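Asks: What follows is data.pdb, made up of PDB, C-alpha atoms:
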ATOM      1  CA  MET P   1      45.527 -26.132  45.809  1.00  0.00           C
ATOM      2  CA  ALA P   2      45.759 -24.272  49.105  1.00  0.00           C
ATOM      3  CA  TYR P   3      43.424 -21.482  50.146  1.00  0.00           C
ATOM      4  CA  ASN P   4      44.017 -18.477  52.386  1.00  0.00           C
ATOM      5  CA  GLN P   5      43.413 -19.684  55.950  1.00  0.00           C
ATOM      6  CA  ILE P   6      43.285 -16.132  57.344  1.00  0.00           C
ATOM      7  CA  LEU P   7      40.514 -15.180  54.924  1.00  0.00           C
ATOM      8  CA  ALA P   8      38.667 -18.414  55.749  1.00  0.00           C
ATOM      9  CA  SER P   9      38.900 -17.558  59.458  1.00  0.00           C
ATOM     10  CA  ARG P  10      37.621 -14.060  58.785  1.00  0.00           C
ATOM     11  CA  ILE P  11      34.565 -15.449  56.982  1.00  0.00           C
ATOM     12  CA  ARG P  12      34.084 -18.147  59.624  1.00  0.00           C
ATOM     13  CA  ALA P  13      34.044 -15.503  62.370  1.00  0.00           C
ATOM     14  CA  ARG P  14      31.485 -13.447  60.433  1.00  0.00           C
ATOM     15  CA  PHE P  15      29.222 -16.486  59.990  1.00  0.00           C
ATOM     16  CA  ALA P  16      29.598 -17.678  63.608  1.00  0.00           C
ATOM     17  CA  ALA P  17      26.342 -16.079  64.773  1.00  0.00           C
ATOM     18  CA  LEU P  18      24.343 -17.673  61.944  1.00  0.00           C
ATOM     19  CA  SER P  19      22.761 -21.081  62.155  1.00  0.00           C
ATOM     20  CA  ASN P  20      22.608 -23.578  59.309  1.00  0.00           C
ATOM     21  CA  VAL P  21      26.144 -22.862  58.037  1.00  0.00           C
ATOM     22  CA  GLU P  22      28.236 -25.682  56.629  1.00  0.00           C
ATOM     23  CA  GLU P  23      31.790 -25.627  55.324  1.00  0.00           C
ATOM     24  CA  LYS P  24      32.704 -27.744  52.312  1.00  0.00           C
ATOM     25  CA  GLU P  25      35.979 -28.131  50.519  1.00  0.00           C
ATOM     26  CA  MET P  26      35.346 -27.805  46.796  1.00  0.00           C
ATOM     27  CA  MET P  27      36.920 -26.286  43.697  1.00  0.00           C
ATOM     28  CA  GLY P  28      40.304 -26.473  45.425  1.00  0.00           C
ATOM     29  CA  GLY P  29      39.103 -24.085  48.092  1.00  0.00           C
ATOM     30  CA  LEU P  30      36.609 -23.748  50.904  1.00  0.00           C
ATOM     31  CA  THR P  31      32.937 -22.936  50.419  1.00  0.00           C
ATOM     32  CA  PHE P  32      30.541 -21.723  53.080  1.00  0.00           C
ATOM     33  CA  MET P  33      27.058 -23.067  52.523  1.00  0.00           C
ATOM     34  CA  TYR P  34      24.203 -21.164  54.170  1.00  0.00           C
ATOM     35  CA  ASN P  35      20.717 -22.654  54.314  1.00  0.00           C
ATOM     36  CA  GLY P  36      21.955 -25.459  52.056  1.00  0.00           C
ATOM     37  CA  LYS P  37      23.074 -23.025  49.331  1.00  0.00           C
ATOM     38  CA  MET P  38      26.528 -21.913  48.233  1.00  0.00           C
ATOM     39  CA  CYS P  39      27.034 -18.445  49.667  1.00  0.00           C
ATOM     40  CA  VAL P  40      30.697 -17.409  49.864  1.00  0.00           C
ATOM     41  CA  GLY P  41      34.041 -19.127  49.583  1.00  0.00           C
ATOM     42  CA  VAL P  42      37.799 -18.869  49.449  1.00  0.00           C
ATOM     43  CA  ILE P  43      39.784 -19.863  46.375  1.00  0.00           C
ATOM     44  CA  GLN P  44      43.504 -19.284  46.789  1.00  0.00           C
ATOM     45  CA  ASP P  45      43.728 -15.690  48.126  1.00  0.00           C
ATOM     46  CA  GLU P  46      40.384 -14.463  46.828  1.00  0.00           C
ATOM     47  CA  MET P  47      36.869 -14.452  48.208  1.00  0.00           C
ATOM     48  CA  MET P  48      34.270 -15.995  45.913  1.00  0.00           C
ATOM     49  CA  CYS P  49      30.913 -14.279  46.295  1.00  0.00           C
ATOM     50  CA  ARG P  50      27.579 -15.564  45.010  1.00  0.00           C
ATOM     51  CA  ILE P  51      25.543 -12.445  44.342  1.00  0.00           C
ATOM     52  CA  ASN P  52      22.348 -11.418  42.633  1.00  0.00           C
ATOM     53  CA  PRO P  53      23.067 -11.739  38.890  1.00  0.00           C
ATOM     54  CA  GLU P  54      21.139  -8.492  38.320  1.00  0.00           C
ATOM     55  CA  LEU P  55      23.869  -6.627  40.260  1.00  0.00           C
ATOM     56  CA  HIS P  56      26.751  -8.319  38.462  1.00  0.00           C
ATOM     57  CA  ASP P  57      27.610  -5.600  35.938  1.00  0.00           C
ATOM     58  CA  LYS P  58      27.542  -2.936  38.645  1.00  0.00           C
ATOM     59  CA  VAL P  59      29.710  -4.707  41.232  1.00  0.00           C
ATOM     60  CA  ILE P  60      32.479  -5.821  38.879  1.00  0.00           C
ATOM     61  CA  GLN P  61      33.294  -2.127  38.476  1.00  0.00           C
ATOM     62  CA  GLN P  62      34.461  -2.036  42.107  1.00  0.00           C
ATOM     63  CA  SER P  63      38.104  -2.210  43.094  1.00  0.00           C
ATOM     64  CA  GLY P  64      39.459  -5.736  43.430  1.00  0.00           C
ATOM     65  CA  CYS P  65      36.423  -7.428  41.890  1.00  0.00           C
ATOM     66  CA  ARG P  66      36.216  -9.541  38.747  1.00  0.00           C
ATOM     67  CA  THR P  67      33.828 -12.055  37.229  1.00  0.00           C
ATOM     68  CA  MET P  68      34.467 -15.606  38.348  1.00  0.00           C
ATOM     69  CA  ASP P  69      35.774 -17.682  35.458  1.00  0.00           C
ATOM     70  CA  PHE P  70      36.968 -20.752  37.309  1.00  0.00           C
ATOM     71  CA  THR P  71      36.060 -23.051  34.440  1.00  0.00           C
ATOM     72  CA  LYS P  72      37.384 -20.596  31.823  1.00  0.00           C
ATOM     73  CA  ARG P  73      33.784 -19.557  31.326  1.00  0.00           C
ATOM     74  CA  PRO P  74      32.489 -16.325  32.939  1.00  0.00           C
ATOM     75  CA  MET P  75      29.830 -17.066  35.540  1.00  0.00           C
ATOM     76  CA  ARG P  76      27.243 -14.327  35.980  1.00  0.00           C
ATOM     77  CA  GLY P  77      26.262 -13.944  39.633  1.00  0.00           C
ATOM     78  CA  TYR P  78      29.646 -15.152  40.882  1.00  0.00           C
ATOM     79  CA  VAL P  79      32.505 -12.730  41.498  1.00  0.00           C
ATOM     80  CA  MET P  80      36.002 -12.993  42.892  1.00  0.00           C
ATOM     81  CA  VAL P  81      37.240 -10.289  45.251  1.00  0.00           C
ATOM     82  CA  ASN P  82      40.942  -9.888  45.965  1.00  0.00           C
ATOM     83  CA  GLU P  83      42.562  -8.366  49.055  1.00  0.00           C
ATOM     84  CA  SER P  84      42.368  -4.800  47.735  1.00  0.00           C
ATOM     85  CA  GLY P  85      38.588  -5.111  47.432  1.00  0.00           C
ATOM     86  CA  MET P  86      38.020  -6.269  51.000  1.00  0.00           C
ATOM     87  CA  GLN P  87      40.825  -4.727  53.061  1.00  0.00           C
ATOM     88  CA  SER P  88      38.592  -2.569  55.206  1.00  0.00           C
ATOM     89  CA  HIS P  89      35.945  -3.980  57.506  1.00  0.00           C
ATOM     90  CA  ALA P  90      33.301  -1.973  55.629  1.00  0.00           C
ATOM     91  CA  ASN P  91      34.344  -3.457  52.263  1.00  0.00           C
ATOM     92  CA  PHE P  92      34.392  -6.983  53.695  1.00  0.00           C
ATOM     93  CA  GLU P  93      30.917  -6.472  55.173  1.00  0.00           C
ATOM     94  CA  TYR P  94      29.643  -5.101  51.863  1.00  0.00           C
ATOM     95  CA  TRP P  95      30.569  -8.319  50.028  1.00  0.00           C
ATOM     96  CA  ILE P  96      29.285 -10.598  52.776  1.00  0.00           C
ATOM     97  CA  GLY P  97      26.043  -8.590  52.822  1.00  0.00           C
ATOM     98  CA  LEU P  98      25.558  -9.040  49.070  1.00  0.00           C
ATOM     99  CA  CYS P  99      26.063 -12.790  49.476  1.00  0.00           C
ATOM    100  CA  LEU P 100      23.660 -13.123  52.399  1.00  0.00           C
ATOM    101  CA  ASP P 101      21.021 -10.956  50.678  1.00  0.00           C
ATOM    102  CA  PHE P 102      21.081 -13.101  47.555  1.00  0.00           C
ATOM    103  CA  ASN P 103      21.159 -16.329  49.546  1.00  0.00           C
ATOM    104  CA  GLN P 104      17.549 -15.705  50.588  1.00  0.00           C
ATOM    105  CA  LYS P 105      16.484 -15.719  46.923  1.00  0.00           C
ATOM    106  CA  ALA P 106      18.935 -18.263  45.520  1.00  0.00           C
ATOM    107  CA  LYS P 107      17.834 -21.729  44.600  1.00  0.00           C
ATOM    108  CA  SER P 108      19.704 -24.606  46.157  1.00  0.00           C
ATOM    109  CA  SER P 109      21.306 -27.101  43.846  1.00  0.00           C
ATOM    110  CA  LYS P 110      19.742 -30.508  43.659  1.00  0.00           C
ATOM    111  CA  ARG P 111      21.416 -33.080  45.844  1.00  0.00           C
ATOM    112  CA  LYS P 112      22.583 -36.262  44.199  1.00  0.00           C
TER     113      LYS P 112
END
What does this structure look like when you write it as structure tokens?
Replies:
Amino acid sequence: MAYNQILASRIRARFAALSNVEEKEMMGGLTFMYNGKMCVGVIQDEMMCRINPELHDKVIQQSGCRTMDFTKRPMRGYVMVNESGMQSHANFEYWIGLCLDFNQKAKSSKRK
């Protein structure tokens, strides 16, 4: 499954000034790990955002946003944002900001 290379480049450019960023191909897309924790990713043409679960109900009301249900099961704290939800620079920064804010509080998954 291919993912949007332009969106991946846009995220990559935004994360360029940060240290401790790692890219991993997973779920048929590309995930950006920050501080060893999943932060944001690209699945097909959408941006996957890991956000504070307490904000979930509020943010899914925004244009272009929906709950991530990659495994056919809704995942609270994970949202998918399509092009209409991140067209402007301000919208893109809003989503990236939510991801980076939550990343400070998020627990990293245990390594196998």
Asks: Can you check which parts of region 67-101 of chain P lie within 9 Å of region 11-28 of chain P? Per residue, the shortest pair of atoms and distance in Å to one decimal, counting only C-alpha atoms, sorted by chain and number, as a tab-separated table.
Replies:
residue	atom	partner	partner_atom	distance
P:Phe70	CA	P:Met27	CA	8.5
P:Glu93	CA	P:Arg14	CA	8.8
P:Ile96	CA	P:Ile11	CA	8.3
Asks: Nearest to Leu30 (chain P) among P:Arg76, P:Cys49, P:Tyr3, P:Glu54, with distances taken over all atoms listed in the file: which residue is it?
Replies: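 Ranked by minimum distance to Leu30 (chain P), first place goes to P:Tyr3.
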Asks: What's around Met38 (chain P) at 12 Å? Count only C-alpha atoms, leave out sequence neighbours fewer than 2 positions away in its own chain, and write the answer as a PyMOL selection string.
Replies: chain P and resi 20-26+30-36+40-42+48-51+77-78+99-100+102-110
Asks: Keeping only C-alpha atoms, take the residues you just selected and write them out as an mmCIF file, keeping the file's coordinate frame.
Replies:
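Result written to part-v6.cif:
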data_model
loop_
_atom_site.group_PDB
_atom_site.id
_atom_site.type_symbol
_atom_site.label_atom_id
_atom_site.label_comp_id
_atom_site.auth_asym_id
_atom_site.auth_seq_id
_atom_site.Cartn_x
_atom_site.Cartn_y
_atom_site.Cartn_z
ATOM 1 C CA ASN P 20 22.608 -23.578 59.309
ATOM 2 C CA VAL P 21 26.144 -22.862 58.037
ATOM 3 C CA GLU P 22 28.236 -25.682 56.629
ATOM 4 C CA GLU P 23 31.790 -25.627 55.324
ATOM 5 C CA LYS P 24 32.704 -27.744 52.312
ATOM 6 C CA GLU P 25 35.979 -28.131 50.519
ATOM 7 C CA MET P 26 35.346 -27.805 46.796
ATOM 8 C CA LEU P 30 36.609 -23.748 50.904
ATOM 9 C CA THR P 31 32.937 -22.936 50.419
ATOM 10 C CA PHE P 32 30.541 -21.723 53.080
ATOM 11 C CA MET P 33 27.058 -23.067 52.523
ATOM 12 C CA TYR P 34 24.203 -21.164 54.170
ATOM 13 C CA ASN P 35 20.717 -22.654 54.314
ATOM 14 C CA GLY P 36 21.955 -25.459 52.056
ATOM 15 C CA VAL P 40 30.697 -17.409 49.864
ATOM 16 C CA GLY P 41 34.041 -19.127 49.583
ATOM 17 C CA VAL P 42 37.799 -18.869 49.449
ATOM 18 C CA MET P 48 34.270 -15.995 45.913
ATOM 19 C CA CYS P 49 30.913 -14.279 46.295
ATOM 20 C CA ARG P 50 27.579 -15.564 45.010
ATOM 21 C CA ILE P 51 25.543 -12.445 44.342
ATOM 22 C CA GLY P 77 26.262 -13.944 39.633
ATOM 23 C CA TYR P 78 29.646 -15.152 40.882
ATOM 24 C CA CYS P 99 26.063 -12.790 49.476
ATOM 25 C CA LEU P 100 23.660 -13.123 52.399
ATOM 26 C CA PHE P 102 21.081 -13.101 47.555
ATOM 27 C CA ASN P 103 21.159 -16.329 49.546
ATOM 28 C CA GLN P 104 17.549 -15.705 50.588
ATOM 29 C CA LYS P 105 16.484 -15.719 46.923
ATOM 30 C CA ALA P 106 18.935 -18.263 45.520
ATOM 31 C CA LYS P 107 17.834 -21.729 44.600
ATOM 32 C CA SER P 108 19.704 -24.606 46.157
ATOM 33 C CA SER P 109 21.306 -27.101 43.846
ATOM 34 C CA LYS P 110 19.742 -30.508 43.659
#
Asks: For the PyMOL selection byres ((chain P and resi 83) around 9), applied here, can you spell out every residue it catches as a ChimeraX atom specification?
Replies: /P:45-47,64,81-82,84-87
Asks: Which residue, P:Val79, P:Ile43, P:Ala90, P:Thr71, has the smallest gap to Val59 (chain P) when you use only C-alpha atoms?
Replies: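 Using only C-alpha atoms, Val59 (chain P) sits closest to P:Val79.
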Asks: Just the number, please: distance in Å from CA of Met75 (chain P) to CA of His56 (chain P), one decimal.
Replies: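 Taking CA of Met75 (chain P) and CA of His56 (chain P), their separation equals 9.7 Å.
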Asks: Which is closer to Gly97 (chain P) than all the others in P:Pro74, P:Ile60, P:Asp69, P:Cys39, using all atoms listed in the file?
Replies: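 Looking only at the distances to Gly97 (chain P), the closest residue turns out to be P:Cys39.
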Asks: Determine the axis-aligned bounding box of all atoms of region 46-64 of chain P present in the file, pad each side by 8 Å, and express its centre and edge lengths in Å to one decimal place as AutoDock Vina command-line options.
Replies:
--center_x 30.8 --center_y -9.0 --center_z 42.1 --size_x 35.2 --size_y 30.0 --size_z 28.3
Asks: Work out how far CA of Trp95 (chain P) is from CA of Asn52 (chain P), in Å to one decimal.
Replies: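 Separation between CA of Asn52 (chain P) and CA of Trp95 (chain P): 11.5 Å.
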